[in-house]
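Novice: My structure is stored as my_file.json, with JSON, C-alpha atoms and all ligand atoms.
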[["chain", "number", "residue", "atom", "x", "y", "z"],
["A", 17, "MET", "CA", 21.61, 14.22, -40.30],
["A", 18, "ASN", "CA", 21.01, 15.67, -43.72],
["A", 19, "TRP", "CA", 17.76, 14.13, -44.92],
["A", 20, "ASN", "CA", 18.25, 15.34, -48.44],
["A", 21, "ASP", "CA", 21.45, 13.33, -48.76],
["A", 22, "TYR", "CA", 20.47, 10.01, -47.28],
["A", 23, "GLY", "CA", 19.80, 8.47, -50.66],
["A", 24, "ALA", "CA", 23.30, 9.32, -51.83],
["A", 25, "ASN", "CA", 24.73, 6.14, -50.34],
["A", 26, "MET", "CA", 22.15, 3.82, -51.83],
["A", 27, "ASN", "CA", 24.42, 2.79, -54.69],
["A", 28, "ASP", "CA", 27.10, 1.39, -52.39],
["A", 29, "ASP", "CA", 28.10, -2.06, -53.47],
["A", 30, "THR", "CA", 26.93, -4.18, -50.54],
["A", 31, "SER", "CA", 23.35, -4.46, -49.36],
["A", 32, "LYS", "CA", 24.67, -4.40, -45.79],
["A", 33, "THR", "CA", 26.14, -0.93, -46.32],
["A", 34, "ARG", "CA", 22.90, 0.22, -47.89],
["A", 35, "LYS", "CA", 20.82, -1.04, -44.97],
["A", 36, "THR", "CA", 22.98, 0.48, -42.27],
["A", 37, "LYS", "CA", 22.99, 3.88, -43.94],
["A", 38, "LYS", "CA", 19.22, 4.20, -44.28],
["A", 39, "PRO", "CA", 18.13, 6.69, -41.63],
["A", 40, "LEU", "CA", 14.93, 4.90, -40.64],
["A", 41, "GLY", "CA", 16.37, 1.36, -40.78],
["A", 42, "GLY", "CA", 14.85, -0.78, -38.02],
["A", 43, "TYR", "CA", 11.96, 1.60, -37.34],
["A", 44, "GLU", "CA", 8.35, 0.48, -37.75],
["A", 45, "ILE", "CA", 5.77, 3.02, -38.91],
["A", 46, "LEU", "CA", 2.05, 2.33, -38.81],
["A", 47, "LEU", "CA", 0.46, 4.50, -41.50],
["A", 48, "CYS", "CA", -3.33, 4.80, -41.40],
["A", 49, "LEU", "CA", -5.40, 6.37, -44.16],
["A", 50, "THR", "CA", -8.87, 7.81, -43.76],
["A", 51, "GLY", "CA", -11.22, 8.91, -46.51],
["A", 52, "GLY", "CA", -10.22, 12.05, -48.36],
["A", 53, "ILE", "CA", -8.85, 13.01, -51.76],
["A", 54, "ALA", "CA", -5.41, 13.45, -50.18],
["A", 55, "CYS", "CA", -5.10, 9.64, -49.95],
["A", 56, "TYR", "CA", -3.12, 9.81, -53.19],
["A", 57, "LYS", "CA", -0.38, 11.75, -51.36],
["A", 58, "SER", "CA", -0.03, 8.90, -48.87],
["A", 59, "ALA", "CA", 1.27, 6.62, -51.61],
["A", 60, "ASP", "CA", 4.17, 9.03, -52.04],
["A", 61, "LEU", "CA", 4.64, 9.24, -48.28],
["A", 62, "THR", "CA", 4.73, 5.44, -48.08],
["A", 63, "SER", "CA", 7.33, 5.27, -50.81],
["A", 64, "LYS", "CA", 9.48, 7.88, -49.06],
["A", 65, "LEU", "CA", 9.27, 6.07, -45.72],
["A", 66, "VAL", "CA", 10.19, 2.75, -47.32],
["A", 67, "GLN", "CA", 13.11, 4.33, -49.18],
["A", 68, "ALA", "CA", 14.31, 5.78, -45.88],
["A", 69, "GLY", "CA", 14.48, 2.22, -44.54],
["A", 70, "ALA", "CA", 11.34, 2.10, -42.37],
["A", 71, "GLY", "CA", 9.13, -0.95, -42.18],
["A", 72, "VAL", "CA", 5.70, 0.39, -43.06],
["A", 73, "SER", "CA", 2.38, -1.27, -42.21],
["A", 74, "VAL", "CA", -0.70, 0.34, -43.72],
["A", 75, "ALA", "CA", -4.27, 0.32, -42.43],
["A", 76, "MET", "CA", -7.18, 1.92, -44.28],
["A", 77, "THR", "CA", -10.78, 2.82, -43.49],
["A", 78, "ASP", "CA", -13.59, 1.76, -45.85],
["A", 79, "SER", "CA", -13.79, 5.39, -47.01],
["A", 80, "ALA", "CA", -10.06, 5.53, -47.75],
["A", 81, "CYS", "CA", -10.49, 2.42, -49.92],
["A", 82, "GLN", "CA", -12.93, 4.45, -52.04],
["A", 83, "PHE", "CA", -10.14, 6.87, -52.91],
["A", 84, "ILE", "CA", -7.16, 4.55, -53.46],
["A", 85, "ARG", "CA", -6.78, 0.80, -53.64],
["A", 86, "PRO", "CA", -5.04, -1.16, -50.88],
["A", 87, "LEU", "CA", -3.09, -2.95, -53.61],
["A", 88, "SER", "CA", -1.00, 0.19, -54.21],
["A", 89, "PHE", "CA", 0.21, 0.10, -50.61],
["A", 90, "GLN", "CA", 0.72, -3.65, -50.65],
["A", 91, "ALA", "CA", 3.05, -3.18, -53.60],
["A", 92, "LEU", "CA", 4.88, -0.21, -52.05],
["A", 93, "THR", "CA", 5.39, -1.84, -48.64],
["A", 94, "GLN", "CA", 5.64, -5.49, -49.70],
["A", 95, "ARG", "CA", 3.29, -6.22, -46.81],
["A", 96, "PRO", "CA", -0.40, -7.06, -46.46],
["A", 97, "VAL", "CA", -2.63, -4.01, -46.03],
["A", 98, "TYR", "CA", -5.11, -3.98, -43.15],
["A", 99, "THR", "CA", -8.64, -2.92, -44.00],
["A", 100, "SER", "CA", -10.78, -4.67, -41.39],
["A", 101, "LEU", "CA", -10.77, -5.34, -37.70],
["A", 102, "TRP", "CA", -11.89, -8.84, -38.54],
["A", 103, "GLN", "CA", -9.00, -9.72, -40.83],
["A", 104, "SER", "CA", -7.30, -12.88, -39.61],
["A", 105, "SER", "CA", -4.23, -12.19, -37.54],
["A", 106, "GLU", "CA", -1.53, -14.39, -36.12],
["A", 107, "ALA", "CA", -3.11, -16.92, -33.79],
["A", 108, "SER", "CA", -1.10, -15.73, -30.80],
["A", 109, "SER", "CA", -1.83, -12.02, -31.11],
["A", 110, "ILE", "CA", -4.71, -9.59, -31.44],
["A", 111, "GLY", "CA", -3.91, -7.74, -34.65],
["A", 112, "HIS", "CA", -4.76, -4.18, -33.69],
["A", 113, "LEU", "CA", -2.91, -4.40, -30.38],
["A", 114, "SER", "CA", 0.21, -5.98, -31.83],
["A", 115, "LEU", "CA", 0.34, -3.42, -34.66],
["A", 116, "THR", "CA", 0.46, -0.47, -32.26],
["A", 117, "GLU", "CA", 2.72, -2.28, -29.80],
["A", 118, "SER", "CA", 5.34, -2.94, -32.45],
["A", 119, "ALA", "CA", 5.08, 0.50, -34.09],
["A", 120, "ASP", "CA", 7.64, 3.19, -33.31],
["A", 121, "LEU", "CA", 5.11, 5.77, -34.50],
["A", 122, "MET", "CA", 1.56, 5.80, -35.81],
["A", 123, "ILE", "CA", 0.57, 8.40, -38.35],
["A", 124, "ILE", "CA", -2.90, 9.03, -39.72],
["A", 125, "ALA", "CA", -2.53, 10.73, -43.11],
["A", 126, "PRO", "CA", -4.83, 11.96, -44.37],
["A", 127, "ALA", "CA", -6.84, 12.40, -41.19],
["A", 128, "THR", "CA", -10.50, 13.23, -41.79],
["A", 129, "ALA", "CA", -12.66, 15.41, -39.55],
["A", 130, "ASN", "CA", -14.44, 12.16, -38.74],
["A", 131, "ILE", "CA", -11.39, 10.31, -37.39],
["A", 132, "LEU", "CA", -10.34, 13.36, -35.35],
["A", 133, "ALA", "CA", -13.81, 13.38, -33.77],
["A", 134, "LYS", "CA", -13.69, 9.65, -33.09],
["A", 135, "MET", "CA", -10.24, 9.91, -31.54],
["A", 136, "ALA", "CA", -11.26, 12.84, -29.37],
["A", 137, "GLY", "CA", -14.29, 10.88, -28.17],
["A", 138, "GLY", "CA", -12.50, 7.56, -27.68],
["A", 139, "ILE", "CA", -14.67, 5.86, -30.28],
["A", 140, "ALA", "CA", -13.30, 2.60, -31.63],
["A", 141, "ASP", "CA", -15.84, 1.29, -34.13],
["A", 142, "ASP", "CA", -13.60, 0.28, -37.02],
["A", 143, "LEU", "CA", -10.01, -0.77, -37.59],
["A", 144, "VAL", "CA", -8.35, 2.66, -37.81],
["A", 145, "SER", "CA", -10.20, 4.19, -34.85],
["A", 146, "THR", "CA", -9.46, 1.07, -32.79],
["A", 147, "LEU", "CA", -5.79, 1.28, -33.73],
["A", 148, "ALA", "CA", -5.78, 4.96, -32.77],
["A", 149, "LEU", "CA", -7.25, 4.24, -29.35],
["A", 150, "SER", "CA", -4.87, 1.36, -28.74],
["A", 151, "ALA", "CA", -1.89, 3.52, -29.75],
["A", 152, "PHE", "CA", -2.18, 5.71, -26.65],
["A", 153, "GLY", "CA", 0.58, 4.54, -24.35],
["A", 154, "ALA", "CA", 2.07, 2.32, -27.06],
["A", 155, "CYS", "CA", 3.63, 4.74, -29.53],
["A", 156, "PRO", "CA", 3.61, 8.44, -30.49],
["A", 157, "ILE", "CA", 0.63, 9.45, -32.60],
["A", 158, "PHE", "CA", 0.83, 11.93, -35.48],
["A", 159, "VAL", "CA", -2.14, 13.17, -37.49],
["A", 160, "ALA", "CA", -1.97, 15.03, -40.80],
["A", 161, "PRO", "CA", -5.47, 16.47, -41.28],
["A", 162, "ALA", "CA", -6.87, 17.26, -44.70],
["A", 163, "MET", "CA", -10.28, 18.70, -45.35],
["A", 164, "ASN", "CA", -12.31, 21.55, -46.72],
["A", 165, "GLU", "CA", -11.58, 24.84, -44.94],
["A", 166, "ARG", "CA", -15.09, 25.11, -43.46],
["A", 167, "MET", "CA", -14.79, 21.62, -42.01],
["A", 168, "TRP", "CA", -11.34, 22.52, -40.64],
["A", 169, "ASN", "CA", -12.61, 25.74, -39.02],
["A", 170, "ALA", "CA", -15.80, 24.13, -37.71],
["A", 171, "PRO", "CA", -15.92, 24.49, -33.91],
["A", 172, "PRO", "CA", -16.26, 20.72, -33.29],
["A", 173, "THR", "CA", -13.13, 20.02, -35.38],
["A", 174, "GLN", "CA", -11.10, 22.70, -33.60],
["A", 175, "GLU", "CA", -12.32, 21.50, -30.19],
["A", 176, "ASN", "CA", -11.44, 17.91, -31.08],
["A", 177, "LEU", "CA", -7.96, 19.01, -32.15],
["A", 178, "GLN", "CA", -7.39, 20.81, -28.86],
["A", 179, "ARG", "CA", -8.42, 17.70, -26.96],
["A", 180, "LEU", "CA", -6.10, 15.53, -29.02],
["A", 181, "LYS", "CA", -3.17, 17.93, -28.60],
["A", 182, "SER", "CA", -3.73, 18.03, -24.84],
["A", 183, "ARG", "CA", -3.35, 14.24, -24.86],
["A", 184, "GLY", "CA", -0.03, 14.37, -26.68],
["A", 185, "VAL", "CA", -1.20, 13.76, -30.25],
["A", 186, "GLU", "CA", 1.03, 15.70, -32.65],
["A", 187, "VAL", "CA", -0.86, 17.54, -35.36],
["A", 188, "PHE", "CA", 1.04, 18.19, -38.56],
["A", 189, "GLY", "CA", -0.48, 20.71, -40.96],
["A", 190, "PRO", "CA", -2.73, 21.31, -42.71],
["A", 191, "GLY", "CA", -1.29, 23.78, -45.18],
["A", 192, "GLU", "CA", -2.88, 26.51, -47.22],
["A", 193, "GLY", "CA", -3.45, 26.25, -50.96],
["A", 194, "LEU", "CA", -5.71, 24.78, -53.59],
["A", 195, "LEU", "CA", -8.24, 22.41, -52.03],
["A", 196, "ALA", "CA", -9.93, 19.43, -53.64],
["A", 197, "CYS", "CA", -13.27, 21.23, -53.43],
["A", 198, "GLY", "CA", -11.91, 23.81, -55.88],
["A", 199, "GLY", "CA", -11.39, 26.66, -53.43],
["A", 200, "VAL", "CA", -8.21, 28.02, -51.94],
["A", 201, "GLY", "CA", -7.70, 27.96, -48.21],
["A", 202, "LEU", "CA", -6.46, 26.08, -45.18],
["A", 203, "GLY", "CA", -7.00, 22.33, -45.31],
["A", 204, "ARG", "CA", -4.43, 20.79, -47.64],
["A", 205, "MET", "CA", -2.64, 17.77, -46.24],
["A", 206, "ALA", "CA", 1.01, 18.53, -45.49],
["A", 207, "GLU", "CA", 3.38, 17.47, -48.26],
["A", 208, "PRO", "CA", 4.84, 13.95, -47.98],
["A", 209, "LYS", "CA", 8.39, 15.28, -47.78],
["A", 210, "GLU", "CA", 7.50, 17.52, -44.82],
["A", 211, "ILE", "CA", 5.72, 14.64, -43.09],
["A", 212, "LEU", "CA", 8.73, 12.38, -43.68],
["A", 213, "HIS", "CA", 11.02, 14.91, -42.01],
["A", 214, "ALA", "CA", 8.65, 15.37, -39.06],
["A", 215, "VAL", "CA", 8.18, 11.62, -38.58],
["A", 216, "ALA", "CA", 11.89, 10.96, -38.88],
["A", 217, "GLY", "CA", 12.79, 13.76, -36.49],
["A", 218, "ARG", "CA", 10.42, 12.26, -33.94],
["A", 219, "VAL", "CA", 11.25, 8.56, -34.19],
["A", 220, "ILE", "CA", 15.02, 8.88, -34.12],
["A", 221, "LEU", "CA", 14.79, 10.37, -30.63],
["A", 222, "HIS", "CA", 14.66, 6.74, -29.45],
["A", 223, "PRO", "CA", 16.22, 3.53, -30.74],
["A", 224, "PRO", "CA", 13.80, 1.34, -32.68],
["A", 225, "LYS", "CA", 11.63, -0.97, -30.60],
["A", 226, "SER", "CA", 13.00, -3.82, -32.69],
["A", 227, "ALA", "CA", 16.41, -3.06, -31.16],
["A", 228, "GLY", "CA", 14.97, -3.12, -27.67],
["A", 229, "GLY", "CA", 14.44, 0.67, -27.61],
["A", 301, "LIG", "C1", -15.25, 13.16, -52.78],
["A", 301, "LIG", "C2", -15.13, 13.24, -51.29],
["A", 301, "LIG", "C3", -14.05, 13.84, -50.72],
["A", 301, "LIG", "C4", -13.92, 13.92, -49.33],
["A", 301, "LIG", "N1", -12.83, 14.53, -48.80],
["A", 301, "LIG", "C5", -12.72, 14.64, -47.45],
["A", 301, "LIG", "C6", -11.61, 15.28, -46.88],
["A", 301, "LIG", "O1", -10.66, 15.72, -47.56],
["A", 301, "LIG", "N2", -11.56, 15.41, -45.54],
["A", 301, "LIG", "C7", -12.56, 14.95, -44.71],
["A", 301, "LIG", "O2", -12.47, 15.11, -43.49],
["A", 301, "LIG", "N3", -13.62, 14.30, -45.24],
["A", 301, "LIG", "C8", -13.73, 14.14, -46.58],
["A", 301, "LIG", "N4", -14.81, 13.50, -47.12],
["A", 301, "LIG", "C9", -15.83, 12.94, -46.22],
["A", 301, "LIG", "C10", -15.34, 11.64, -45.58],
["A", 301, "LIG", "O3", -14.97, 10.71, -46.59],
["A", 301, "LIG", "C11", -16.45, 11.08, -44.69],
["A", 301, "LIG", "O4", -16.63, 11.95, -43.58],
["A", 301, "LIG", "C12", -16.19, 9.67, -44.23],
["A", 301, "LIG", "O5", -17.22, 9.26, -43.38],
["A", 301, "LIG", "C13", -14.85, 9.56, -43.51],
["A", 301, "LIG", "O6", -14.69, 8.24, -43.04],
["A", 301, "LIG", "P1", -13.34, 7.77, -42.34],
["A", 301, "LIG", "O7", -12.93, 8.84, -41.39],
["A", 301, "LIG", "O8", -13.75, 6.52, -41.63],
["A", 301, "LIG", "O9", -12.35, 7.50, -43.40],
["A", 301, "LIG", "C14", -14.94, 13.37, -48.50],
["A", 301, "LIG", "C15", -16.02, 12.74, -49.09],
["A", 301, "LIG", "C16", -16.12, 12.67, -50.46],
["A", 301, "LIG", "C17", -17.33, 11.97, -51.05]]
Hey, can you dump this file as structure tokens for me?
Ligand SMILES: Cc1cc2nc3c(=O)[nH]c(=O)nc-3n(C[C@H](O)[C@H](O)[C@H](O)COP(=O)(O)O)c2cc1C
Specialist:
Amino acid sequence: MNWNDYGANMNDDTSKTRKTKKPLGGYEILLCLTGGIACYKSADLTSKLVQAGAGVSVAMTDSACQFIRPLSFQALTQRPVYTSLWQSSEASSIGHLSLTESADLMIIAPATANILAKMAGGIADDLVSTLALSAFGACPIFVAPAMNERMWNAPPTQENLQRLKSRGVEVFGPGEGLLACGGVGLGRMAEPKEILHAVAGRVILHPPKSAGG
């Protein structure tokens, strides 16, 4: 599939044709944001996923909400944005469990050093870390770390990453370049287009859960 061309059919005259030609149609992506400057890139990622036909549910940590407002993601996804474990959920389901059960893939982008440490240690003390723990065995987990180069190279961060990789978590990036702290180095969140391709390449290995896959 040529991912650069998928939008070419979006002007077809029936909405049915449009829907069937979107490469991520039927797939559910759970996108979680943690607190770093790169949160702004996740708005672009969300838009790209939605344009590719995915249903996107967004969850954010308190820190992520300091960098970008949930309203942006509500508008981009046309869905409520989850910011608390204690948000009311459907009476018959426990929100964090149903979100990971119905997701075809969970991605944390940007992923802070903090969330990587929590995931490596099995800590579930807020919505995003609880979602991450409940995603094991429910759906593939991607992380796109973003942080200052010293934080990235810090032994605890590298040890946490090794632990996560050994448990099947797929780590995407970071890249090298200009960092938010002003320096140049390794720690930039991967570009939304690259993440879209990686996510898409992974999810289409199986039919969407919504189709019984
Ligand atoms: C201006 C600013 C920028 C930050 N950028 C990052 C970052 O890019 N990566 C990171 O790991 N932490 C960053 N932090 C620190 C995290 O926000 C902090 O560790 C926080 O506790 C993360 O919480 P969360 O993982 O629950 O979102 C930044 C903090 C500030 C004040």
Novice: When you draw a straight line from CA of Asp60 (chain A) to CA of Lys209 (chain A), how long is it in Å?
Specialist: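 Pair CA of Asp60 (chain A) / CA of Lys209 (chain A) returns 8.7 Å.
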Novice: Given a cut-off of 9 Å, what residues near ligand LIG 301 (chain A) show up using all atoms listed in the file, put as an mmCIF file with C-alpha atoms, in the coordinates of the input?
Specialist:
data_model
loop_
_atom_site.group_PDB
_atom_site.id
_atom_site.type_symbol
_atom_site.label_atom_id
_atom_site.label_comp_id
_atom_site.auth_asym_id
_atom_site.auth_seq_id
_atom_site.Cartn_x
_atom_site.Cartn_y
_atom_site.Cartn_z
ATOM 1 C CA LEU A 49 -5.400 6.370 -44.160
ATOM 2 C CA THR A 50 -8.870 7.810 -43.760
ATOM 3 C CA GLY A 51 -11.220 8.910 -46.510
ATOM 4 C CA GLY A 52 -10.220 12.050 -48.360
ATOM 5 C CA ILE A 53 -8.850 13.010 -51.760
ATOM 6 C CA ALA A 54 -5.410 13.450 -50.180
ATOM 7 C CA CYS A 55 -5.100 9.640 -49.950
ATOM 8 C CA MET A 76 -7.180 1.920 -44.280
ATOM 9 C CA THR A 77 -10.780 2.820 -43.490
ATOM 10 C CA ASP A 78 -13.590 1.760 -45.850
ATOM 11 C CA SER A 79 -13.790 5.390 -47.010
ATOM 12 C CA ALA A 80 -10.060 5.530 -47.750
ATOM 13 C CA CYS A 81 -10.490 2.420 -49.920
ATOM 14 C CA GLN A 82 -12.930 4.450 -52.040
ATOM 15 C CA PHE A 83 -10.140 6.870 -52.910
ATOM 16 C CA PRO A 126 -4.830 11.960 -44.370
ATOM 17 C CA ALA A 127 -6.840 12.400 -41.190
ATOM 18 C CA THR A 128 -10.500 13.230 -41.790
ATOM 19 C CA ALA A 129 -12.660 15.410 -39.550
ATOM 20 C CA ASN A 130 -14.440 12.160 -38.740
ATOM 21 C CA ILE A 131 -11.390 10.310 -37.390
ATOM 22 C CA LEU A 132 -10.340 13.360 -35.350
ATOM 23 C CA ALA A 133 -13.810 13.380 -33.770
ATOM 24 C CA LYS A 134 -13.690 9.650 -33.090
ATOM 25 C CA ASP A 142 -13.600 0.280 -37.020
ATOM 26 C CA VAL A 144 -8.350 2.660 -37.810
ATOM 27 C CA SER A 145 -10.200 4.190 -34.850
ATOM 28 C CA PRO A 161 -5.470 16.470 -41.280
ATOM 29 C CA ALA A 162 -6.870 17.260 -44.700
ATOM 30 C CA MET A 163 -10.280 18.700 -45.350
ATOM 31 C CA ASN A 164 -12.310 21.550 -46.720
ATOM 32 C CA MET A 167 -14.790 21.620 -42.010
ATOM 33 C CA TRP A 168 -11.340 22.520 -40.640
ATOM 34 C CA LEU A 195 -8.240 22.410 -52.030
ATOM 35 C CA ALA A 196 -9.930 19.430 -53.640
ATOM 36 C CA CYS A 197 -13.270 21.230 -53.430
ATOM 37 C CA GLY A 203 -7.000 22.330 -45.310
ATOM 38 C CA ARG A 204 -4.430 20.790 -47.640
ATOM 39 C CA MET A 205 -2.640 17.770 -46.240
#
Novice: Of the residues A:Pro208, A:Pro156, A:Pro223, A:Gly111, which is the one nearest to Gly191 (chain A), using all atoms listed in the file?
Specialist: A:Pro208
Novice: What does the structure give for the distance between CA of Pro39 (chain A) and CA of Phe89 (chain A), in Å to one decimal?
Specialist: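 So the answer is 21.1 Å.
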Novice: Please report the interatomic distance between CA of Leu87 (chain A) and CA of Arg218 (chain A) in Å with one decimal.
Specialist: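 Going from CA of Leu87 (chain A) over to CA of Arg218 (chain A), I get 28.3 Å.
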Novice: As AutoDock Vina command-line options, what would the box around region 65-70 of chain A look like: edges along x, y and z, 6 Å added on every side, centre and edge lengths in Å to one decimal?
Specialist:
--center_x 11.9 --center_y 4.1 --center_z -45.8 --size_x 17.2 --size_y 16.0 --size_z 18.8
Novice: Considering all atoms listed in the file, can you say which of A:Ile220, A:Glu207, A:Gly153, A:Tyr43 comes closest to Tyr56 (chain A)?
Specialist: A:Glu207
Novice: Go through A:Gly41, A:Glu175, A:Ala75, A:Arg183 and flag the residue nearest Val97 (chain A), using all atoms listed in the file for the distances.
Specialist: A:Ala75
Novice: From the set A:Val187, A:Val159, A:Leu61, A:Ala151, which residue has the shortest atom-to-atom contact distance to Leu113 (chain A), counting only C-alpha atoms?
Specialist: A:Ala151
Novice: Do you know which residues are at most 12 Å from Leu92 (chain A) counting only C-alpha atoms, after dropping those on the same chain fewer than 4 positions away, and could you put them as a PyMOL selection string?
Specialist: chain A and resi 58-67+70-74+85-88+96-97
Novice: Which one is closest to Gly69 (chain A): A:Asp141, A:Thr93, A:Ser182, A:Ala148? Count only C-alpha atoms.
Specialist: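 Checking each candidate against Gly69 (chain A), we get A:Thr93 as the closest.
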Novice: Let me make sure I understand: among A:Asn169, A:Thr116, A:Ser100, A:Ser150, which one has the smallest atom-to-atom distance to Gly201 (chain A) if we use all atoms listed in the file?
Specialist: A:Asn169
Novice: Counting all atoms listed in the file, what is within 12 Å of His222 (chain A), bar same-chain residues fewer than 3 positions away, as a PDB file with C-alpha atoms, in the frame of the given file?
Specialist:
ATOM      1  CA  LEU A  40      14.930   4.900 -40.640  1.00  0.00           C
ATOM      2  CA  GLY A  42      14.850  -0.780 -38.020  1.00  0.00           C
ATOM      3  CA  TYR A  43      11.960   1.600 -37.340  1.00  0.00           C
ATOM      4  CA  ASP A 120       7.640   3.190 -33.310  1.00  0.00           C
ATOM      5  CA  LEU A 121       5.110   5.770 -34.500  1.00  0.00           C
ATOM      6  CA  CYS A 155       3.630   4.740 -29.530  1.00  0.00           C
ATOM      7  CA  PRO A 156       3.610   8.440 -30.490  1.00  0.00           C
ATOM      8  CA  ALA A 216      11.890  10.960 -38.880  1.00  0.00           C
ATOM      9  CA  GLY A 217      12.790  13.760 -36.490  1.00  0.00           C
ATOM     10  CA  ARG A 218      10.420  12.260 -33.940  1.00  0.00           C
ATOM     11  CA  VAL A 219      11.250   8.560 -34.190  1.00  0.00           C
ATOM     12  CA  LYS A 225      11.630  -0.970 -30.600  1.00  0.00           C
ATOM     13  CA  SER A 226      13.000  -3.820 -32.690  1.00  0.00           C
ATOM     14  CA  ALA A 227      16.410  -3.060 -31.160  1.00  0.00           C
ATOM     15  CA  GLY A 228      14.970  -3.120 -27.670  1.00  0.00           C
ATOM     16  CA  GLY A 229      14.440   0.670 -27.610  1.00  0.00           C
TER      17      GLY A 229
END
